[in-house]
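Listing of data07.cif; format and content: mmCIF, C-alpha atoms and all ligand atoms.
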```
data_query
loop_
_atom_site.label_atom_id
_atom_site.label_comp_id
_atom_site.auth_asym_id
_atom_site.auth_seq_id
_atom_site.Cartn_x
_atom_site.Cartn_y
_atom_site.Cartn_z
CA MET I 165 91.41 99.89 63.63
CA LYS I 166 93.83 101.20 66.21
CA HIS I 167 92.25 102.99 69.15
CA PRO I 168 93.09 106.72 69.52
CA TYR I 169 94.39 106.00 73.00
CA TYR I 170 97.25 103.98 74.50
CA THR I 171 95.89 100.54 75.35
CA MET I 172 97.21 97.65 77.41
CA ASN I 173 97.54 95.72 74.14
CA ASP I 174 99.83 98.45 72.80
CA LEU I 175 101.97 98.16 75.92
CA MET I 176 102.14 94.36 75.72
CA HIS I 177 103.12 94.48 72.05
CA GLU I 178 105.95 96.84 73.00
CA HIS I 179 107.12 94.52 75.81
CA TYR I 180 106.51 91.05 74.30
CA GLY I 181 105.71 91.59 70.62
CA MET I 182 102.31 89.96 71.06
CA LYS I 183 98.92 90.22 72.67
CA ILE I 184 99.11 88.92 76.21
CA ARG I 185 96.01 87.80 78.07
CA LYS I 186 94.90 87.58 81.67
CA ILE I 187 94.17 84.68 83.94
CA CYS I 188 91.83 86.01 86.62
CA ILE I 189 92.42 84.44 90.02
CA ASP I 190 90.38 84.34 93.21
CA GLY I 191 93.16 84.38 95.78
CA GLY I 192 90.90 83.60 98.75
CA PHE I 193 91.17 87.07 100.29
CA THR I 194 88.55 89.22 101.97
CA CYS I 195 88.44 92.99 102.44
CA PRO I 196 89.02 95.25 105.47
CA ASN I 197 86.09 97.35 104.33
CA ARG I 198 83.83 94.36 104.84
CA ASP I 199 85.20 92.50 107.85
CA GLY I 200 85.05 95.49 110.23
CA THR I 201 88.77 96.34 110.23
CA CYS I 202 88.14 99.64 108.47
CA GLY I 203 84.44 99.31 107.77
CA THR I 204 81.49 97.04 107.23
CA GLY I 205 79.21 96.57 104.26
CA GLY I 206 81.94 97.40 101.75
CA CYS I 207 81.86 99.99 98.99
CA THR I 208 78.23 100.60 98.05
CA PHE I 209 78.69 99.29 94.49
CA CYS I 210 80.59 96.14 95.44
CA GLY I 211 78.94 92.77 94.84
CA GLU I 212 79.01 89.80 97.16
CA ARG I 213 82.06 88.33 95.43
CA GLY I 214 84.06 91.58 95.50
CA ALA I 215 84.25 91.94 91.69
CA GLY I 216 84.99 88.26 91.15
CA GLU I 217 81.52 86.99 90.30
CA GLN I 218 82.76 84.88 87.38
CA LEU I 219 85.60 83.22 89.35
CA ASN I 220 85.53 79.82 91.00
CA PRO I 221 86.63 80.06 94.65
CA ALA I 222 86.22 76.27 95.04
CA LYS I 223 89.42 75.75 93.03
CA THR I 224 92.88 76.32 94.45
CA ILE I 225 94.96 79.16 93.06
CA ARG I 226 97.12 76.72 91.12
CA GLU I 227 94.07 74.91 89.72
CA GLN I 228 92.62 78.21 88.50
CA ALA I 229 95.83 79.07 86.66
CA GLU I 230 96.30 75.52 85.37
CA ALA I 231 92.78 75.46 83.92
CA VAL I 232 93.92 78.14 81.46
CA LEU I 233 97.60 77.32 81.02
CA SER I 234 97.06 73.61 80.33
CA ARG I 235 95.21 74.58 77.11
CA ALA I 236 97.37 77.55 76.14
CA PRO I 237 99.87 77.51 73.22
CA ALA I 238 103.53 77.03 74.15
CA ASP I 239 104.47 80.44 72.75
CA SER I 240 101.72 82.38 74.55
CA ARG I 241 102.41 84.82 77.38
CA TRP I 242 100.16 85.52 80.37
CA ILE I 243 99.25 87.93 83.13
CA VAL I 244 98.03 86.42 86.40
CA TYR I 245 95.56 88.84 87.89
CA PHE I 246 94.57 88.47 91.54
CA GLN I 247 91.24 90.12 90.97
CA ASN I 248 88.59 90.10 93.63
CA PHE I 249 88.52 91.57 97.11
CA THR I 250 91.82 92.91 98.53
CA ASN I 251 94.80 90.89 97.36
CA THR I 252 97.39 92.37 99.72
CA TYR I 253 95.20 91.91 102.81
CA ALA I 254 97.20 89.20 104.63
CA PRO I 255 100.59 88.82 106.34
CA VAL I 256 103.57 88.83 103.97
CA PRO I 257 104.26 85.03 104.24
CA VAL I 258 100.65 84.29 103.27
CA LEU I 259 100.85 86.71 100.34
CA ARG I 260 104.07 85.08 99.18
CA GLU I 261 102.55 81.60 99.34
CA ARG I 262 99.45 82.65 97.38
CA TYR I 263 101.31 84.59 94.69
CA ASP I 264 103.82 81.76 94.28
CA ALA I 265 100.95 79.30 93.79
CA ALA I 266 100.06 81.09 90.52
CA LEU I 267 103.63 81.57 89.31
CA PHE I 268 104.66 78.03 88.33
CA ASP I 269 104.79 78.44 84.54
CA ASP I 270 107.42 80.35 82.52
CA ARG I 271 104.74 81.70 80.20
CA VAL I 272 103.46 83.94 83.01
CA LYS I 273 105.21 87.30 82.67
CA VAL I 274 103.09 89.71 84.71
CA LEU I 275 101.90 89.51 88.32
CA ASP I 276 98.90 91.84 88.59
CA ILE I 277 97.48 92.57 92.05
CA GLY I 278 94.16 94.30 92.71
CA THR I 279 93.99 95.95 96.12
CA ARG I 280 93.04 98.94 98.30
CA PRO I 281 95.33 101.90 99.03
CA ASP I 282 95.15 101.29 102.80
CA CYS I 283 96.52 97.76 102.29
CA ILE I 284 99.88 98.89 100.90
CA THR I 285 102.46 98.92 103.70
CA PRO I 286 106.24 99.34 103.34
CA GLU I 287 106.61 95.55 103.92
CA ILE I 288 104.13 94.76 101.17
CA ALA I 289 105.75 97.26 98.79
CA ASP I 290 109.07 95.50 99.51
CA LEU I 291 107.51 92.11 98.75
CA LEU I 292 106.11 93.35 95.45
CA ALA I 293 109.50 94.86 94.58
CA GLU I 294 111.04 91.43 95.21
CA TYR I 295 108.67 89.87 92.65
CA ALA I 296 109.48 92.72 90.26
CA GLN I 297 113.00 91.28 89.92
CA ARG I 298 111.46 88.27 88.15
CA TYR I 299 108.16 89.54 86.72
CA GLU I 300 106.45 92.70 85.65
CA VAL I 301 104.43 93.60 88.72
CA TRP I 302 101.36 95.79 88.43
CA THR I 303 99.46 97.05 91.46
CA GLU I 304 95.87 98.10 90.84
CA LEU I 305 94.44 100.54 93.37
CA GLY I 306 90.71 101.16 93.69
CA LEU I 307 90.27 104.93 93.82
CA GLN I 308 87.02 105.36 91.84
CA THR I 309 87.07 109.12 92.50
CA ALA I 310 89.46 111.70 93.96
CA SER I 311 86.56 113.41 95.73
CA ASP I 312 86.60 112.68 99.47
CA ARG I 313 82.93 113.73 99.60
CA THR I 314 81.96 110.99 97.12
CA ALA I 315 84.38 108.53 98.75
CA LYS I 316 82.41 108.91 101.99
CA ALA I 317 79.11 108.55 100.17
CA ILE I 318 80.21 105.27 98.53
CA ASN I 319 81.73 104.03 101.83
CA ARG I 320 85.18 103.57 100.31
CA GLY I 321 86.75 103.69 103.77
CA CYS I 322 89.91 105.60 102.85
CA ASP I 323 90.59 109.12 101.70
CA LEU I 324 92.63 110.69 98.91
CA GLN I 325 95.67 111.19 101.15
CA CYS I 326 95.73 107.44 101.87
CA PHE I 327 95.68 106.79 98.11
CA GLU I 328 98.51 109.27 97.51
CA ASP I 329 100.56 107.63 100.28
CA ALA I 330 100.10 104.20 98.67
CA VAL I 331 101.15 105.55 95.27
CA GLY I 332 104.24 107.07 96.92
CA LEU I 333 105.19 103.77 98.59
CA LEU I 334 104.88 101.81 95.35
CA ARG I 335 106.67 104.45 93.33
CA SER I 336 109.54 104.56 95.81
CA ARG I 337 110.17 100.89 94.88
CA GLY I 338 109.89 101.60 91.15
CA LEU I 339 106.57 99.77 90.86
CA PRO I 340 103.94 100.88 88.32
CA VAL I 341 100.50 101.86 89.60
CA ILE I 342 97.19 101.28 87.83
CA VAL I 343 94.16 103.13 89.17
CA HIS I 344 90.49 102.16 88.92
CA ILE I 345 88.07 105.01 88.36
CA ILE I 346 84.30 105.01 87.88
CA LEU I 347 82.47 107.62 85.81
CA GLY I 348 78.89 108.35 86.88
CA LEU I 349 79.10 107.81 90.63
CA PRO I 350 75.94 109.11 92.37
CA HIS I 351 75.71 112.91 92.26
CA GLU I 352 79.11 113.33 90.57
CA THR I 353 79.36 115.76 87.67
CA LEU I 354 81.98 116.36 85.01
CA ASP I 355 83.69 118.72 87.47
CA ASP I 356 84.37 115.78 89.84
CA ILE I 357 85.84 113.80 86.95
CA LYS I 358 88.04 116.76 86.01
CA TYR I 359 89.36 116.80 89.55
CA THR I 360 90.03 113.04 89.51
CA VAL I 361 91.88 113.31 86.19
CA SER I 362 93.96 116.23 87.50
CA VAL I 363 95.06 114.09 90.47
CA LEU I 364 95.97 111.13 88.22
CA ASN I 365 97.97 113.45 85.96
CA ARG I 366 99.72 115.11 88.91
CA LEU I 367 100.74 111.71 90.31
CA ARG I 368 101.70 110.46 86.83
CA VAL I 369 99.99 107.13 87.39
CA ASP I 370 101.06 104.47 84.92
CA GLY I 371 97.68 103.09 83.98
CA VAL I 372 93.96 103.61 84.43
CA LYS I 373 90.94 101.31 84.36
CA ILE I 374 87.82 103.31 83.55
CA HIS I 375 84.24 102.15 83.59
CA SER I 376 80.77 103.56 84.02
CA LEU I 377 78.88 102.97 87.22
CA PHE I 378 76.63 99.93 87.04
CA ILE I 379 74.32 98.71 89.73
CA MET I 380 74.54 95.10 90.79
CA LYS I 381 71.68 93.34 92.53
CA ASN I 382 71.91 92.92 96.32
CA THR I 383 74.24 95.86 96.90
CA GLN I 384 73.87 99.04 98.94
CA LEU I 385 73.81 100.91 95.66
CA ALA I 386 70.88 98.79 94.46
CA LYS I 387 68.88 99.88 97.53
CA GLN I 388 69.70 103.54 96.88
CA TYR I 389 68.72 103.15 93.23
CA GLU I 390 65.45 101.40 94.05
CA ASN I 391 64.66 104.15 96.59
CA GLY I 392 65.08 106.71 93.81
CA GLU I 393 68.11 108.37 95.45
CA PHE I 394 69.98 108.77 92.16
CA THR I 395 69.65 108.15 88.43
CA PRO I 396 72.43 106.39 86.47
CA ILE I 397 74.00 108.38 83.65
CA SER I 398 73.01 107.63 80.05
CA MET I 399 75.27 105.91 77.54
CA GLN I 400 75.66 109.26 75.75
CA THR I 401 76.86 110.96 78.93
CA TYR I 402 79.28 108.12 79.62
CA ILE I 403 80.72 108.42 76.11
CA ASP I 404 81.07 112.22 76.52
CA TRP I 405 82.79 111.87 79.90
CA ALA I 406 85.01 109.00 78.77
CA ILE I 407 86.19 111.09 75.80
CA TRP I 408 86.81 114.06 78.10
CA THR I 409 88.87 111.77 80.36
CA LEU I 410 90.89 110.27 77.50
CA THR I 411 91.67 113.60 75.86
CA HIS I 412 92.82 115.12 79.16
CA LEU I 413 94.83 112.25 80.64
CA ARG I 414 98.55 112.24 79.98
CA PRO I 415 99.24 110.51 76.63
CA GLU I 416 101.60 107.98 78.25
CA THR I 417 99.01 106.70 80.75
CA VAL I 418 98.00 103.19 79.68
CA ILE I 419 94.23 102.65 79.34
CA HIS I 420 93.72 99.15 80.69
CA ARG I 421 89.94 99.18 80.40
CA LEU I 422 87.21 101.51 79.14
CA THR I 423 83.99 99.60 79.81
CA GLY I 424 82.42 97.82 82.74
CA ASN I 425 81.72 94.13 82.90
CA CYS I 426 78.90 92.59 84.88
CA LEU I 427 77.23 89.19 84.62
CA ARG I 428 73.83 89.83 83.04
CA ASP I 429 71.88 87.99 85.71
CA GLN I 430 73.46 90.22 88.37
CA LEU I 431 72.98 93.55 86.59
CA LEU I 432 70.15 95.74 87.84
CA ALA I 433 70.85 98.88 85.76
CA PRO I 434 71.64 100.46 83.37
CA ASP I 435 71.08 97.97 80.52
CA TRP I 436 73.31 99.86 78.10
CA ILE I 437 76.54 98.82 79.84
CA THR I 438 76.26 95.44 78.08
CA GLN I 439 76.74 97.18 74.70
CA ARG I 440 80.48 97.17 75.06
CA ASP I 441 81.35 97.10 71.34
CA LEU I 442 79.00 99.99 70.54
CA ILE I 443 80.45 102.10 73.36
CA LEU I 444 84.04 101.51 72.27
CA TYR I 445 83.23 102.04 68.58
CA THR I 446 81.39 105.31 69.30
CA ILE I 447 84.26 106.65 71.41
CA ASP I 448 86.78 105.79 68.67
CA ARG I 449 84.64 107.22 65.87
CA ARG I 450 83.93 110.51 67.67
CA MET I 451 87.61 110.96 68.55
CA TYR I 452 88.76 110.21 65.00
CA GLU I 453 86.11 112.48 63.43
CA ASN I 454 87.32 115.36 65.60
CA GLY I 455 91.01 114.60 65.19
CA TRP I 456 91.37 113.94 68.92
CA LYS I 457 93.69 111.47 70.59
CA GLN I 458 94.63 110.65 74.15
CA GLY I 459 96.13 113.62 75.95
CA CYS I 460 95.44 116.11 73.14
CA PHE I 461 93.95 118.58 75.68
CA CYS I 462 96.22 117.64 78.58
CA GLU I 463 97.90 120.79 79.79
CA GLU I 464 100.42 118.83 81.86
CA ALA I 465 101.67 116.62 79.00
S1 LIG V 1 87.61 97.74 98.55
FE1 LIG V 1 87.10 96.46 96.78
S2 LIG V 1 86.51 94.47 97.63
FE2 LIG V 1 86.50 95.95 99.32
S3 LIG V 1 84.36 96.61 99.44
FE3 LIG V 1 85.44 98.10 98.13
S4 LIG V 1 85.19 97.36 96.02
FE4 LIG V 1 84.64 95.66 97.42
#
```

Please, can you express the file's structure as structure tokens?
Amino acid sequence: MKHPYYTMNDLMHEHYGMKIRKICIDGGFTCPNRDGTCGTGGCTFCGERGAGEQLNPAKTIREQAEAVLSRAPADSRWIVYFQNFTNTYAPVPVLRERYDAALFDDRVKVLDIGTRPDCITPEIADLLAEYAQRYEVWTELGLQTASDRTAKAINRGCDLQCFEDAVGLLRSRGLPVIVHIILGLPHETLDDIKYTVSVLNRLRVDGVKIHSLFIMKNTQLAKQYENGEFTPISMQTYIDWAIWTLTHLRPETVIHRLTGNCLRDQLLAPDWITQRDLILYTIDRRMYENGWKQGCFCEEA
């Protein structure tokens, strides 16, 4: 059944006539919010591997890509996704060398870079624009929330203006922007989510990755949770808020993800985030039953 929202698969079918999958790469980067450049300790929810717990940093970038491509059909197409930590946090020649190391096979069509807004400079935007002459280039910015109050509380280390500046730099080079947001951050309500969605709509971001807050072991967030400082939202609340988000985002915004993903042995709470299929099915069913689709309540569409 087709989802009542515009998925990455829809986009890839439009561009390549087929499903196109990701090769997740550990590019050997760190993060300025961990090494003291802009902060220490990192975002409170961030695990020790910077969202790359399933990756193998012992392999070179080329080996990581080859491990997938050597077994892939000749007619398949691929996205290489520099996933964990901050994948523009290095001088331009180093970035070029690391990106090139993953781009040795003609079946790779998309270069996808996960990073922080404060690590997009004009020089880096120029570099990404250079790659965009040969590949689709996606830049994924971790926003999580448009609320500067929450951003401070989660130790994000950059404010909304910094994010808007990064979007402007990328846009000025014609580069699409994908934004990560989290529903259920400590003490956020639906009003905070409404504000975040209004900012994404105003900036006309190209894509969004949405997931619910989950608490990984050995994080700052785990300490706050164990001290009883906040309670995670329920699955029902997540489904309600995700549907609100989908129905109010612009219809052309691509939904790249709608659930979180955490290795089970590293998940502290809530347990329900592992029920990915049930969450997606319930969102689809509720939207279809009500005749809702993405953007149906978006006043800016
Ligand atoms: S910016 Fe990303 S890698 Fe850095 S601490 Fe925050 S979530 Fe982790």

With distances taken over all atoms listed in the file, which residue among I:Arg320, I:Arg241, I:Lys183, I:Arg298 lies nearest ligand LIG 1 (chain V)?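 Looking only at the distances to ligand LIG 1 (chain V), the closest residue turns out to be I:Arg320.
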
Restricting the calculation to all atoms listed in the file, which member of I:Asp404, I:His177, I:Glu464, I:Gln218 is positioned closest to I:Arg366?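 With all atoms listed in the file as the atom set, the closest residue is I:Glu464.
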
Which residues of chain I sit at most 12 Å from ligand LIG 1 (chain V), using all atoms listed in the file? Give each one's shortest atom pair and distance in Å (one decimal place), in chain and ascending residue order, as CSV.
```
residue,atom,partner,partner_atom,distance
I:Asp190,CA,V:LIG1,S2,11.7
I:Gly192,CA,V:LIG1,S2,11.8
I:Phe193,CA,V:LIG1,S2,9.1
I:Thr194,CA,V:LIG1,S2,7.1
I:Cys195,CA,V:LIG1,FE2,4.7
I:Pro196,CA,V:LIG1,FE2,6.7
I:Asn197,CA,V:LIG1,FE2,5.2
I:Arg198,CA,V:LIG1,S3,5.9
I:Asp199,CA,V:LIG1,FE2,9.3
I:Gly200,CA,V:LIG1,S3,10.9
I:Thr201,CA,V:LIG1,FE2,11.2
I:Cys202,CA,V:LIG1,FE2,10.0
I:Gly203,CA,V:LIG1,S3,8.8
I:Thr204,CA,V:LIG1,S3,8.3
I:Gly205,CA,V:LIG1,S3,7.1
I:Gly206,CA,V:LIG1,S3,3.4
I:Cys207,CA,V:LIG1,FE3,4.1
I:Thr208,CA,V:LIG1,S3,7.4
I:Phe209,CA,V:LIG1,S4,7.0
I:Cys210,CA,V:LIG1,FE4,4.5
I:Gly211,CA,V:LIG1,FE4,6.9
I:Glu212,CA,V:LIG1,FE4,8.1
I:Arg213,CA,V:LIG1,S2,7.9
I:Gly214,CA,V:LIG1,S2,4.3
I:Ala215,CA,V:LIG1,S2,6.8
I:Gly216,CA,V:LIG1,S2,9.1
I:Glu217,CA,V:LIG1,S2,11.6
I:Phe246,CA,V:LIG1,S2,11.7
I:Gln247,CA,V:LIG1,S2,9.3
I:Asn248,CA,V:LIG1,S2,6.3
I:Phe249,CA,V:LIG1,S2,3.6
I:Thr250,CA,V:LIG1,S2,5.6
I:Asn251,CA,V:LIG1,S2,9.0
I:Thr252,CA,V:LIG1,S1,11.2
I:Tyr253,CA,V:LIG1,FE2,10.2
I:Gly278,CA,V:LIG1,FE1,8.4
I:Thr279,CA,V:LIG1,FE1,6.9
I:Arg280,CA,V:LIG1,S1,5.6
I:Pro281,CA,V:LIG1,S1,8.8
I:Asp282,CA,V:LIG1,S1,9.4
I:Cys283,CA,V:LIG1,S1,9.7
I:Glu304,CA,V:LIG1,FE1,10.7
I:Leu305,CA,V:LIG1,S1,9.0
I:Gly306,CA,V:LIG1,FE1,6.7
I:Leu307,CA,V:LIG1,S1,9.0
I:Gln308,CA,V:LIG1,S4,9.2
I:Ala315,CA,V:LIG1,FE3,10.5
I:Lys316,CA,V:LIG1,FE3,11.9
I:Ile318,CA,V:LIG1,FE3,8.9
I:Asn319,CA,V:LIG1,FE3,7.9
I:Arg320,CA,V:LIG1,FE3,5.9
I:Gly321,CA,V:LIG1,S1,8.0
I:Cys322,CA,V:LIG1,S1,9.2
I:His344,CA,V:LIG1,S4,10.1
I:Ile345,CA,V:LIG1,S4,11.2
I:Ile346,CA,V:LIG1,S4,11.2
I:Thr383,CA,V:LIG1,FE4,10.4
I:Gln384,CA,V:LIG1,S3,10.8
I:Leu385,CA,V:LIG1,S4,11.9
```

Requested write-out: C-alpha atoms of the selected residues, as a PDB file, in the frame of the given file:
```
ATOM      1  CA  ASP I 190      90.380  84.340  93.210  1.00  0.00           C
ATOM      2  CA  GLY I 192      90.900  83.600  98.750  1.00  0.00           C
ATOM      3  CA  PHE I 193      91.170  87.070 100.290  1.00  0.00           C
ATOM      4  CA  THR I 194      88.550  89.220 101.970  1.00  0.00           C
ATOM      5  CA  CYS I 195      88.440  92.990 102.440  1.00  0.00           C
ATOM      6  CA  PRO I 196      89.020  95.250 105.470  1.00  0.00           C
ATOM      7  CA  ASN I 197      86.090  97.350 104.330  1.00  0.00           C
ATOM      8  CA  ARG I 198      83.830  94.360 104.840  1.00  0.00           C
ATOM      9  CA  ASP I 199      85.200  92.500 107.850  1.00  0.00           C
ATOM     10  CA  GLY I 200      85.050  95.490 110.230  1.00  0.00           C
ATOM     11  CA  THR I 201      88.770  96.340 110.230  1.00  0.00           C
ATOM     12  CA  CYS I 202      88.140  99.640 108.470  1.00  0.00           C
ATOM     13  CA  GLY I 203      84.440  99.310 107.770  1.00  0.00           C
ATOM     14  CA  THR I 204      81.490  97.040 107.230  1.00  0.00           C
ATOM     15  CA  GLY I 205      79.210  96.570 104.260  1.00  0.00           C
ATOM     16  CA  GLY I 206      81.940  97.400 101.750  1.00  0.00           C
ATOM     17  CA  CYS I 207      81.860  99.990  98.990  1.00  0.00           C
ATOM     18  CA  THR I 208      78.230 100.600  98.050  1.00  0.00           C
ATOM     19  CA  PHE I 209      78.690  99.290  94.490  1.00  0.00           C
ATOM     20  CA  CYS I 210      80.590  96.140  95.440  1.00  0.00           C
ATOM     21  CA  GLY I 211      78.940  92.770  94.840  1.00  0.00           C
ATOM     22  CA  GLU I 212      79.010  89.800  97.160  1.00  0.00           C
ATOM     23  CA  ARG I 213      82.060  88.330  95.430  1.00  0.00           C
ATOM     24  CA  GLY I 214      84.060  91.580  95.500  1.00  0.00           C
ATOM     25  CA  ALA I 215      84.250  91.940  91.690  1.00  0.00           C
ATOM     26  CA  GLY I 216      84.990  88.260  91.150  1.00  0.00           C
ATOM     27  CA  GLU I 217      81.520  86.990  90.300  1.00  0.00           C
ATOM     28  CA  PHE I 246      94.570  88.470  91.540  1.00  0.00           C
ATOM     29  CA  GLN I 247      91.240  90.120  90.970  1.00  0.00           C
ATOM     30  CA  ASN I 248      88.590  90.100  93.630  1.00  0.00           C
ATOM     31  CA  PHE I 249      88.520  91.570  97.110  1.00  0.00           C
ATOM     32  CA  THR I 250      91.820  92.910  98.530  1.00  0.00           C
ATOM     33  CA  ASN I 251      94.800  90.890  97.360  1.00  0.00           C
ATOM     34  CA  THR I 252      97.390  92.370  99.720  1.00  0.00           C
ATOM     35  CA  TYR I 253      95.200  91.910 102.810  1.00  0.00           C
ATOM     36  CA  GLY I 278      94.160  94.300  92.710  1.00  0.00           C
ATOM     37  CA  THR I 279      93.990  95.950  96.120  1.00  0.00           C
ATOM     38  CA  ARG I 280      93.040  98.940  98.300  1.00  0.00           C
ATOM     39  CA  PRO I 281      95.330 101.900  99.030  1.00  0.00           C
ATOM     40  CA  ASP I 282      95.150 101.290 102.800  1.00  0.00           C
ATOM     41  CA  CYS I 283      96.520  97.760 102.290  1.00  0.00           C
ATOM     42  CA  GLU I 304      95.870  98.100  90.840  1.00  0.00           C
ATOM     43  CA  LEU I 305      94.440 100.540  93.370  1.00  0.00           C
ATOM     44  CA  GLY I 306      90.710 101.160  93.690  1.00  0.00           C
ATOM     45  CA  LEU I 307      90.270 104.930  93.820  1.00  0.00           C
ATOM     46  CA  GLN I 308      87.020 105.360  91.840  1.00  0.00           C
ATOM     47  CA  ALA I 315      84.380 108.530  98.750  1.00  0.00           C
ATOM     48  CA  LYS I 316      82.410 108.910 101.990  1.00  0.00           C
ATOM     49  CA  ILE I 318      80.210 105.270  98.530  1.00  0.00           C
ATOM     50  CA  ASN I 319      81.730 104.030 101.830  1.00  0.00           C
ATOM     51  CA  ARG I 320      85.180 103.570 100.310  1.00  0.00           C
ATOM     52  CA  GLY I 321      86.750 103.690 103.770  1.00  0.00           C
ATOM     53  CA  CYS I 322      89.910 105.600 102.850  1.00  0.00           C
ATOM     54  CA  HIS I 344      90.490 102.160  88.920  1.00  0.00           C
ATOM     55  CA  ILE I 345      88.070 105.010  88.360  1.00  0.00           C
ATOM     56  CA  ILE I 346      84.300 105.010  87.880  1.00  0.00           C
ATOM     57  CA  THR I 383      74.240  95.860  96.900  1.00  0.00           C
ATOM     58  CA  GLN I 384      73.870  99.040  98.940  1.00  0.00           C
ATOM     59  CA  LEU I 385      73.810 100.910  95.660  1.00  0.00           C
TER      60      LEU I 385
END
```

Of the candidates I:Ser336, I:Asp323, I:Arg414, I:Ala317, which shows the shortest atom-to-atom distance to I:Leu364, using all atoms listed in the file?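 Of all the options, I:Arg414 lies closest to I:Leu364.
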
Counting all atoms listed in the file, which of I:Ala330, I:Ala406, I:Gln430, I:Thr423 gets nearest to I:His375?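 Comparing I:Ala330, I:Ala406, I:Gln430, I:Thr423 against I:His375, the winner is I:Thr423.
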
Separation of atom CA of I:Lys223 from atom CA of I:Tyr245, in Å and rounded to one decimal: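 That distance, rounded to one decimal, is 15.3 Å.
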
Restricting the calculation to all atoms listed in the file: of I:Ile397, I:Glu178, I:Ile407, I:Thr309, which residue gets closest to I:Val363?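 Ranking I:Ile397, I:Glu178, I:Ile407, I:Thr309 by distance to I:Val363, first place goes to I:Thr309.
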
For I:Gln458, please output as a PyMOL selection string all residues within 10 Å (counting all atoms listed in the file; exclusion window: fewer than 5 positions along the same chain). chain I and resi 167-170+407-419+451

One-decimal distance in Å that lies between atom CA of I:Met165 and atom CA of I:Trp405: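 Going from atom CA of I:Trp405 over to atom CA of I:Met165, I get 22.0 Å.
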
Stretch 321-334 of chain I: axis-aligned bounding box, 3 Å on each side, centre and edge lengths in Å, one decimal, as JSON:
```
{"center_x": 96.0, "center_y": 106.5, "center_z": 99.5, "size_x": 24.4, "size_y": 15.4, "size_z": 14.5}
```

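The spacing separating atom CA of I:Arg226 from atom CA of I:Pro257 amounts to 17.1 Å.
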
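Closest approach to I:Leu367 from the set I:Leu259, I:Ile187, I:Leu275, I:Val331 is made by I:Val331, with distances taken over all atoms listed in the file.
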
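Contact shell of I:Leu291 at 10 Å (only C-alpha atoms; same-chain neighbours under 2 positions omitted): Val256, Pro257, Leu259, Arg260, Thr285, Pro286, Glu287, Ile288, Ala289, Ala293, Glu294, Tyr295, Ala296 and Arg337 of chain I.
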
At a cut-off of 12 Å, using all atoms listed in the file, what residues contact I:Ile225? Leave out same-chain residues fewer than 2 positions from it and give the result as a ChimeraX atom specification. /I:187-193,219-223,227-232,244-247,261-268
